[in-house]
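See below for the structure under consideration.
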Amino acid sequence: MRSYDHRKIEAKWQEKWEKEKLYEVKDEVAGRKNRYVLVEYPYPSGNLHIGHWYAFSVPDIYARAKRMQGENVLFPMGFDSFGLPAENAAIKNKVDPREWTEENIKTMTKQLKSMGNSFDWSRRLAASDPDYYKWTQWLFLKFLDAGLAYRGKAAVNWDPVDQTVLANEQVLPDGTGERSGAKVERRYLEQWFIRITDYADRLVDDLEVLEWPEQIKESQRNWIGRKSGAEIDFKVTGTSEKIKVFTTRPDTLFGATYMVLAPEHELAEKLKNSISNWSKVTKYIKEAELKSDIDRTALDKEKTGVLLEGVSAINPANESEIPVYIADYVLAHYGTGAIMAVPAHDERDHEFAVKFGIEEVEVVEGGNIPYTGEGILKNSGEFNGMDNEDAKIKITERVGGALTNNYKLRDWLVSRQRYWGAPIPVVYDPNGNPHPIPEEHLPWLLPQDISFDVKGKSPLSTSKEFVERTESIFGQGWTPEMDTFDTFVDSSWYFLRYLDPKNESDFSDIKKQKKWMPVDMYSGGAEHTTMHVLYSRFFYKALFDLKLVTDKEPYKVRMNRGIILGTDGAKMSKSKGNVIDPDDQVKNVGADCVKMYLAFVGPYGEVGTYPWDMGGIAGIRRFLERVWGVSEKVEGTETSENVRRELNKTIKKVEEDIDEFKFNTAISQMMILVNKIEKEGPISKGDFMKFLRVLAPFAPHLTEEIWEGIGNKKSLHLDDWPIYEEKYLQSEEVKIAVQVNGKVRATISIPTDSSEEETIKVAKKDNVVSKWLGDSKVKKQIYVKNRLINFVT
RNA sequence: GCCGGAGUGGUGGAAUUGGUAUACACGCUCGACUUAAAAUCGGGUCCCUUACGGGAUGCGGGUUCGAUUCCCGCCUCCGGCACCA
């Protein structure tokens, strides 16, 4: 008897599959439906961890099964190879980020290949390849041309220790930089933005029709934060100025007894000559500007503010004159940066009003002040007695306001003062005006003669070549944009490049897109729900409007996977010493085993947290050993009836479970089958081959080896999924429950599909049942075929 | 605070969507094999009870012949948003 030597077997087949180009995918195969299965391309950190295995090897089961079921499946892999870690490594170890990245891609490719996944490696791409970022730049130019990209001054996160701007995602929740640990400050800089806010409504509304998990949709809705309300103008007394506010409660307008401007609001500066306490006001504004966002938005903070003495506004509802304050509880970037304050019906306004002794006018009948609920209006002139919902529209109309929506979503800041990213393809004329770089100069290459020894500036600004290149093309005094793109720009369209990775004249041929898009199944990490998934949905919609892609939404199904924890149930981390190295596991038990273990821990489509369980992986290994054992006893045998029934059941169940990404229950059913084969008699070679086909997506190496061992020449993975036979699914007899008044009292065996009468006859004969029924009269009986009979007395 | 998801054995998790709760696996335990251990194989394993029975799917109600599943009210955990007007 040969032994299951996974090392030899896995190496052998991986080599063979690669040599025979088994998984290279054509854009079209007659009679086969195309299916695009996508997993998030990894950052080449240099080492594969368990999370990568969970992310890539489990969806491979799906890709393989669909391929065997007659579909033409695209399952590509690439690298998200621009980004901060390469640059940090470069600074720390004095290595070229390019070399560091390429080295990592090499090792990770090797590791990825050890999974034995059915990736089509011929379509591999890397975001840092000039062939790729040429098109990232090209797409940005299209956005620029369409008015979707603009340069604007914005508050950005400034790390005072590292002397650099940080991305929002590089700022920890406590307001410190992730690298330096320094408290992040606010700075105002000219940056490039993309108008994702133009698409806010479509990004919310189009979620409706997507068949995505509610959790993912809800997170996106919360992030976009759409709220309906009204914009209303308040006149500033004695001037031609107006203060525009956004409110979700125009129905409470009669209760607006003061106004508040954000410290950044431009009106104060305009009116400074009429503000008698201007020095006090400027002092407050300066203090507010120095505070971080975290400090300013701390919930437990007491309200502060300053009255603009000599300035007042007119409430358009009742023409009363009301004071105007500046306070940092009003945020510049939300709404209009100014509010009408209704202390009787808003908790924050109430708190402020109490502190500053401002009048409160109750205009909605309800409970205690502040009352924020619904109700009937009072103290509101002609609107008294009106339902507050109706009043929202009516009052807005009367004061000439406009019903609008407001969003939390802000435009996407894509500039990074970093080296290792795609250069933003823009140059500036001697007057400092930006100009797009003409297409023929793409890719606008990342310069190489740079130094990281700069404080507060992009490393690109140290390149002599970069400036010379710009001047030689555009003329004396012209300068290049020194910032690079956020890496989320790269990853917003990579799934389109897989379709046409070598095209030199187009980012992705639309004819090829038509064959594959939208992505049928996209699986990835939950942390990307409001970043990458939102950005790429926006990108795709913008490209749709530019007629560069074929659909409105890029992903038909999005699925977030869970997290694999250490054996101690804590998140794996070097400091805790609980990191499981997948390479070690593969060496010990094999790639098939690791993959199946990960598929078995729980339903893949639900975001669970699963501790790594050494016993659990041993259990899977035992199962694979048993399959190997059974395979040696299939020559010249006939399948027993019980085994045949279980086999057909297994084919059906595994097929259905794979469609729902419930690999755990599919594996469970295969275990039941193997247990049955071992206990209840033999299986024929032909039937065993059916089982091998079902197991093939889960354990591709083992099954291929057995397949070959029992005399097959062609690869198992090119074979078809077996067809189960309905007639073998049912047994002649079926066990059903007999209940008396809803409680199970006995189990009886009756012929399958027995009639109600027959079932009752047999059931009543049962000793226990008749004991429970006694003399009482059966009022009613509920009969569920092949399942139960319930006597109600 | 608002919104979403989820609570089932010692553990990961099943349950044909209203029909025999706890499949499968881990762990534990008893036994076989062994000088012994590992590996392997076989039995047991929700709780109470000697048994007959009874009770359990976060808690409390309801609908139903029958509820893990549907409805109402709580509790806890996870996730998103949050001085967002």
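We name chains A, B, ... following the order of the structure tokens; residues begin at 1 in each chain, and ligands are numbered from 1 as shown.
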Test item: residues at most 10 Å from B:A56, only C-alpha atoms (C1' of nucleotides), excluding those fewer than 2 positions along its chain, as a list in words: A21, C46 and C47 of chain B
Backbone-only DSSP, alpha helix (DSSP H) members of stretch 86-325 of chain A, as a VMD selection string: chain A and resid 86 to 93 97 to 113 130 to 145 200 to 205 214 to 224 267 to 270 278 to 290 293 to 296
Just want the 12 Å neighbourhood of B:G42, counted on only C-alpha atoms (C1' of nucleotides), with same-chain residues fewer than 4 positions away dropped. Output as a PDB file with N, CA and C atoms (P, O5', C5', C4', C3', O3' and C1' of nucleotides), in the first residue's frame.
```pdb
ATOM      1  N   LYS A 679     -18.197   1.779   6.699  1.00  0.00           N
ATOM      2  CA  LYS A 679     -19.007   0.934   7.590  1.00  0.00           C
ATOM      3  C   LYS A 679     -19.998   0.049   6.857  1.00  0.00           C
TER       4      LYS A 679
ATOM      5  P     C B  30     -10.876   7.358  31.164  1.00  0.00           P
ATOM      6  O5'   C B  30     -11.622   6.049  30.653  1.00  0.00           O
ATOM      7  C5'   C B  30     -12.650   5.460  31.436  1.00  0.00           C
ATOM      8  C4'   C B  30     -13.423   4.470  30.609  1.00  0.00           C
ATOM      9  C3'   C B  30     -12.602   3.363  29.964  1.00  0.00           C
ATOM     10  O3'   C B  30     -12.262   2.329  30.864  1.00  0.00           O
ATOM     11  C1'   C B  30     -14.110   4.235  28.377  1.00  0.00           C
ATOM     12  P     G B  31     -10.883   1.546  30.649  1.00  0.00           P
ATOM     13  O5'   G B  31     -11.101   0.759  29.277  1.00  0.00           O
ATOM     14  C5'   G B  31     -11.877  -0.444  29.274  1.00  0.00           C
ATOM     15  C4'   G B  31     -12.161  -0.882  27.862  1.00  0.00           C
ATOM     16  C3'   G B  31     -10.986  -1.433  27.056  1.00  0.00           C
ATOM     17  O3'   G B  31     -10.631  -2.742  27.438  1.00  0.00           O
ATOM     18  C1'   G B  31     -12.301  -0.021  25.686  1.00  0.00           C
ATOM     19  P     A B  32      -9.167  -3.272  27.172  1.00  0.00           P
ATOM     20  O5'   A B  32      -9.137  -3.463  25.581  1.00  0.00           O
ATOM     21  C5'   A B  32      -9.893  -4.506  24.977  1.00  0.00           C
ATOM     22  C4'   A B  32      -9.652  -4.513  23.488  1.00  0.00           C
ATOM     23  C3'   A B  32      -8.186  -4.667  23.072  1.00  0.00           C
ATOM     24  O3'   A B  32      -7.777  -6.019  23.097  1.00  0.00           O
ATOM     25  C1'   A B  32      -9.193  -2.914  21.841  1.00  0.00           C
ATOM     26  P     C B  33      -6.334  -6.404  23.604  1.00  0.00           P
ATOM     27  O5'   C B  33      -5.396  -5.854  22.439  1.00  0.00           O
ATOM     28  C5'   C B  33      -5.453  -6.423  21.132  1.00  0.00           C
ATOM     29  C4'   C B  33      -4.625  -5.596  20.168  1.00  0.00           C
ATOM     30  C3'   C B  33      -3.191  -5.340  20.624  1.00  0.00           C
ATOM     31  O3'   C B  33      -2.343  -6.434  20.308  1.00  0.00           O
ATOM     32  C1'   C B  33      -4.158  -3.317  19.865  1.00  0.00           C
TER      33        C B  33
END
```
Using only C-alpha atoms (C1' of nucleotides) and a cut-off of 6 Å, which residues of chain B sit close to chain A? Please list them as a PyMOL selection string. chain B and resi 4+12+20+24+26+65-66+80-81+83+85
Keeping only N, CA and C atoms (P, O5', C5', C4', C3', O3' and C1' of nucleotides), take the residues you just selected and write them out as a short mmCIF file (atom, residue, chain, number, x, y, z; two decimals), in the first residue's frame.
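This went into selection_0.cif:
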```cif
data_model
loop_
_atom_site.label_atom_id
_atom_site.label_comp_id
_atom_site.auth_asym_id
_atom_site.auth_seq_id
_atom_site.Cartn_x
_atom_site.Cartn_y
_atom_site.Cartn_z
P G B 4 -32.08 48.94 11.37
"O5'" G B 4 -30.83 48.03 10.99
"C5'" G B 4 -30.50 47.80 9.63
"C4'" G B 4 -29.19 47.07 9.53
"C3'" G B 4 -29.16 45.67 10.10
"O3'" G B 4 -29.75 44.73 9.23
"C1'" G B 4 -27.23 46.82 10.80
P G B 12 -17.44 28.27 19.96
"O5'" G B 12 -17.01 27.69 18.55
"C5'" G B 12 -15.80 28.13 17.94
"C4'" G B 12 -15.66 27.50 16.58
"C3'" G B 12 -16.87 27.64 15.68
"O3'" G B 12 -16.93 28.92 15.08
"C1'" G B 12 -16.10 25.41 15.61
P U B 20 -38.15 18.05 12.21
"O5'" U B 20 -38.53 16.79 13.11
"C5'" U B 20 -39.46 16.93 14.19
"C4'" U B 20 -39.00 16.05 15.31
"C3'" U B 20 -37.57 16.32 15.80
"O3'" U B 20 -37.50 16.05 17.19
"C1'" U B 20 -37.74 14.11 15.04
P C B 24 -22.87 12.65 12.69
"O5'" C B 24 -21.78 13.60 11.99
"C5'" C B 24 -21.53 13.52 10.59
"C4'" C B 24 -20.54 14.60 10.20
"C3'" C B 24 -19.26 14.65 11.05
"O3'" C B 24 -18.31 13.69 10.63
"C1'" C B 24 -20.14 16.82 10.83
P C B 26 -12.43 14.57 14.62
"O5'" C B 26 -12.10 15.77 15.61
"C5'" C B 26 -11.09 16.72 15.28
"C4'" C B 26 -11.13 17.87 16.25
"C3'" C B 26 -10.86 17.51 17.70
"O3'" C B 26 -9.47 17.34 17.95
"C1'" C B 26 -12.69 18.98 17.60
P C B 65 -53.93 25.32 16.71
"O5'" C B 65 -52.97 24.14 17.19
"C5'" C B 65 -53.42 23.21 18.18
"C4'" C B 65 -52.48 22.04 18.23
"C3'" C B 65 -51.00 22.40 18.30
"O3'" C B 65 -50.61 22.68 19.63
"C1'" C B 65 -51.32 20.75 16.64
P G B 66 -49.66 23.90 19.90
"O5'" G B 66 -48.33 23.45 19.18
"C5'" G B 66 -47.54 22.38 19.74
"C4'" G B 66 -46.43 22.01 18.81
"C3'" G B 66 -45.47 23.14 18.45
"O3'" G B 66 -44.51 23.33 19.46
"C1'" G B 66 -46.07 21.94 16.50
P G B 80 -16.22 48.70 12.42
"O5'" G B 80 -17.37 49.52 11.69
"C5'" G B 80 -17.50 49.45 10.27
"C4'" G B 80 -18.70 50.24 9.84
"C3'" G B 80 -18.73 51.68 10.31
"O3'" G B 80 -17.91 52.53 9.52
"C1'" G B 80 -20.82 50.71 10.70
P C B 81 -17.17 53.77 10.23
"O5'" C B 81 -18.38 54.74 10.56
"C5'" C B 81 -19.12 55.34 9.51
"C4'" C B 81 -20.29 56.10 10.07
"C3'" C B 81 -19.95 57.15 11.11
"O3'" C B 81 -19.40 58.33 10.55
"C1'" C B 81 -21.80 55.91 11.84
P C B 83 -18.75 63.43 15.69
"O5'" C B 83 -19.93 64.27 16.34
"C5'" C B 83 -19.96 64.59 17.73
"C4'" C B 83 -21.26 65.34 17.93
"C3'" C B 83 -21.66 66.26 16.76
"O3'" C B 83 -23.06 66.46 16.75
"C1'" C B 83 -21.22 67.55 18.65
P A B 85 -27.50 65.09 10.93
"O5'" A B 85 -28.15 66.35 11.67
"C5'" A B 85 -28.65 67.39 10.92
"C4'" A B 85 -28.77 68.58 11.80
"C3'" A B 85 -29.19 69.87 11.10
"O3'" A B 85 -30.60 69.92 10.94
"C1'" A B 85 -27.35 70.31 12.48
#
```
Residues near stretch 68-77 of chain A, anyone? I mean within 10 Å using only C-alpha atoms (C1' of nucleotides), not counting same-chain ones fewer than 3 positions away, as a VMD selection string. chain A and resid 23 to 42 56 59 to 60 62 to 65 109 112 117 to 126 495 498 to 499 516 519 655 693 to 694 696 to 697 716 to 723
With C-alpha atoms kept, could you save the residues just selected as a PDB file, in the first residue's frame?
```pdb
ATOM      1  CA  TYR A  23      -5.868  26.965 -15.755  1.00  0.00           C
ATOM      2  CA  GLU A  24      -5.255  29.483 -18.493  1.00  0.00           C
ATOM      3  CA  VAL A  25      -8.564  30.946 -19.514  1.00  0.00           C
ATOM      4  CA  LYS A  26      -9.762  31.934 -22.949  1.00  0.00           C
ATOM      5  CA  ASP A  27     -12.164  34.833 -23.295  1.00  0.00           C
ATOM      6  CA  GLU A  28     -14.700  32.621 -24.891  1.00  0.00           C
ATOM      7  CA  VAL A  29     -15.316  28.896 -25.099  1.00  0.00           C
ATOM      8  CA  ALA A  30     -18.190  27.604 -27.192  1.00  0.00           C
ATOM      9  CA  GLY A  31     -21.015  26.247 -25.071  1.00  0.00           C
ATOM     10  CA  ARG A  32     -19.591  27.536 -21.816  1.00  0.00           C
ATOM     11  CA  LYS A  33     -20.889  30.460 -19.823  1.00  0.00           C
ATOM     12  CA  ASN A  34     -18.310  32.923 -18.560  1.00  0.00           C
ATOM     13  CA  ARG A  35     -17.954  33.461 -14.846  1.00  0.00           C
ATOM     14  CA  TYR A  36     -15.648  35.976 -13.176  1.00  0.00           C
ATOM     15  CA  VAL A  37     -14.530  34.982  -9.677  1.00  0.00           C
ATOM     16  CA  LEU A  38     -12.468  37.702  -8.035  1.00  0.00           C
ATOM     17  CA  VAL A  39     -10.450  37.920  -4.833  1.00  0.00           C
ATOM     18  CA  GLU A  40      -8.763  41.115  -3.630  1.00  0.00           C
ATOM     19  CA  TYR A  41      -5.233  41.260  -4.950  1.00  0.00           C
ATOM     20  CA  PRO A  42      -2.723  41.238  -2.100  1.00  0.00           C
ATOM     21  CA  PHE A  56      -7.557  32.726  -1.831  1.00  0.00           C
ATOM     22  CA  PRO A  59     -12.769  30.709  -3.136  1.00  0.00           C
ATOM     23  CA  ASP A  60     -10.684  28.422  -5.353  1.00  0.00           C
ATOM     24  CA  TYR A  62     -15.876  27.673  -5.937  1.00  0.00           C
ATOM     25  CA  ALA A  63     -13.885  28.500  -9.061  1.00  0.00           C
ATOM     26  CA  ARG A  64     -12.905  24.875  -9.590  1.00  0.00           C
ATOM     27  CA  ALA A  65     -16.408  23.532  -9.014  1.00  0.00           C
ATOM     28  CA  THR A 109       4.289  34.139  -6.084  1.00  0.00           C
ATOM     29  CA  LEU A 112       0.852  31.440  -3.719  1.00  0.00           C
ATOM     30  CA  ASN A 117      -5.063  27.205  -6.774  1.00  0.00           C
ATOM     31  CA  SER A 118      -6.515  27.392 -10.248  1.00  0.00           C
ATOM     32  CA  PHE A 119      -5.263  30.943 -10.802  1.00  0.00           C
ATOM     33  CA  ASP A 120      -4.651  32.011 -14.351  1.00  0.00           C
ATOM     34  CA  TRP A 121      -1.117  33.290 -13.858  1.00  0.00           C
ATOM     35  CA  SER A 122      -0.832  34.433 -17.456  1.00  0.00           C
ATOM     36  CA  ARG A 123      -2.969  37.445 -16.507  1.00  0.00           C
ATOM     37  CA  ARG A 124      -0.892  38.451 -13.506  1.00  0.00           C
ATOM     38  CA  LEU A 125      -0.548  42.194 -12.996  1.00  0.00           C
ATOM     39  CA  ALA A 126       1.184  44.520 -10.552  1.00  0.00           C
ATOM     40  CA  PHE A 495     -10.346  43.922 -12.073  1.00  0.00           C
ATOM     41  CA  TYR A 498      -7.194  41.290 -15.670  1.00  0.00           C
ATOM     42  CA  LEU A 499      -9.508  41.029 -18.658  1.00  0.00           C
ATOM     43  CA  TRP A 516     -16.746  39.086 -18.335  1.00  0.00           C
ATOM     44  CA  VAL A 519     -17.718  40.396 -11.621  1.00  0.00           C
ATOM     45  CA  GLU A 655     -23.360  21.090  -5.481  1.00  0.00           C
ATOM     46  CA  ARG A 693     -14.925  14.605  -8.906  1.00  0.00           C
ATOM     47  CA  VAL A 694     -16.960  16.075  -6.081  1.00  0.00           C
ATOM     48  CA  ALA A 696     -11.660  17.538  -6.516  1.00  0.00           C
ATOM     49  CA  PRO A 697     -12.252  21.277  -5.904  1.00  0.00           C
ATOM     50  CA  LEU A 716      -9.451  15.086 -13.192  1.00  0.00           C
ATOM     51  CA  HIS A 717      -9.799  18.858 -13.223  1.00  0.00           C
ATOM     52  CA  LEU A 718     -10.731  18.825 -16.885  1.00  0.00           C
ATOM     53  CA  ASP A 719     -13.464  16.313 -16.140  1.00  0.00           C
ATOM     54  CA  ASP A 720     -17.150  17.091 -15.658  1.00  0.00           C
ATOM     55  CA  TRP A 721     -19.083  17.376 -12.444  1.00  0.00           C
ATOM     56  CA  PRO A 722     -21.049  14.156 -11.805  1.00  0.00           C
ATOM     57  CA  ILE A 723     -24.809  14.069 -12.199  1.00  0.00           C
TER      58      ILE A 723
END
```
Quick one: distance from atom CA of A:Asp233 to atom CA of A:Ala313 in Å, one decimal? 9.9 Å
Write out as a list in words which residues come within 12 Å of B:C71 when counting only C-alpha atoms (C1' of nucleotides), dropping same-chain ones fewer than 3 positions away. G61, G62, U63, U64 and A67 of chain B
6 Å contact set for stretch 370-384 of chain A, only C-alpha atoms (C1' of nucleotides), chain neighbours under 4 positions out, as a list of chain:residue names: A:Phe254, A:Ala344, A:His345, A:Asp346, A:Glu347, A:Val363, A:Val364, A:Glu365, A:Asn388
What parts of stretch 577-773 of chain A does DSSP call strand (DSSP E or B)? I'd like the answer as a count of residues only. 20
List the neighbours of A:Ala570 out to 10 Å using only C-alpha atoms (C1' of nucleotides); skip same-chain residues closer than 2 positions along the sequence, and give me the result as an mmCIF file with C-alpha atoms, in the first residue's frame.
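So the final result, stored in result18.cif, reads:
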```
data_model
loop_
_atom_site.group_PDB
_atom_site.id
_atom_site.type_symbol
_atom_site.label_atom_id
_atom_site.label_comp_id
_atom_site.auth_asym_id
_atom_site.auth_seq_id
_atom_site.Cartn_x
_atom_site.Cartn_y
_atom_site.Cartn_z
ATOM 1 C CA ILE A 564 -8.591 33.391 11.397
ATOM 2 C CA LEU A 565 -7.298 33.899 14.933
ATOM 3 C CA GLY A 566 -4.392 32.309 16.770
ATOM 4 C CA THR A 567 -4.838 29.123 18.773
ATOM 5 C CA ASP A 568 -5.412 31.308 21.849
ATOM 6 C CA MET A 572 -2.429 36.680 15.316
ATOM 7 C CA SER A 573 0.485 38.987 16.037
ATOM 8 C CA LYS A 576 1.728 37.695 21.097
ATOM 9 C CA ASN A 578 0.569 33.192 18.275
ATOM 10 C CA VAL A 579 1.241 33.421 14.549
ATOM 11 C CA THR A 609 -13.749 34.862 13.817
ATOM 12 C CA TYR A 610 -12.229 31.412 13.941
ATOM 13 C CA PRO A 611 -9.430 30.358 16.262
ATOM 14 C CA TRP A 612 -6.872 28.092 14.611
#
```
Length of the atom CA of A:Phe79 to atom CA of A:Ser128 vector [Å]: 8.5 Å
Grab the atom CA of A:Lys713 to atom CA of A:Gly116 distance for me, in Å with one decimal place.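 Taking atom CA of A:Lys713 as the start and atom CA of A:Gly116 as the end point, the length is 19.7 Å.
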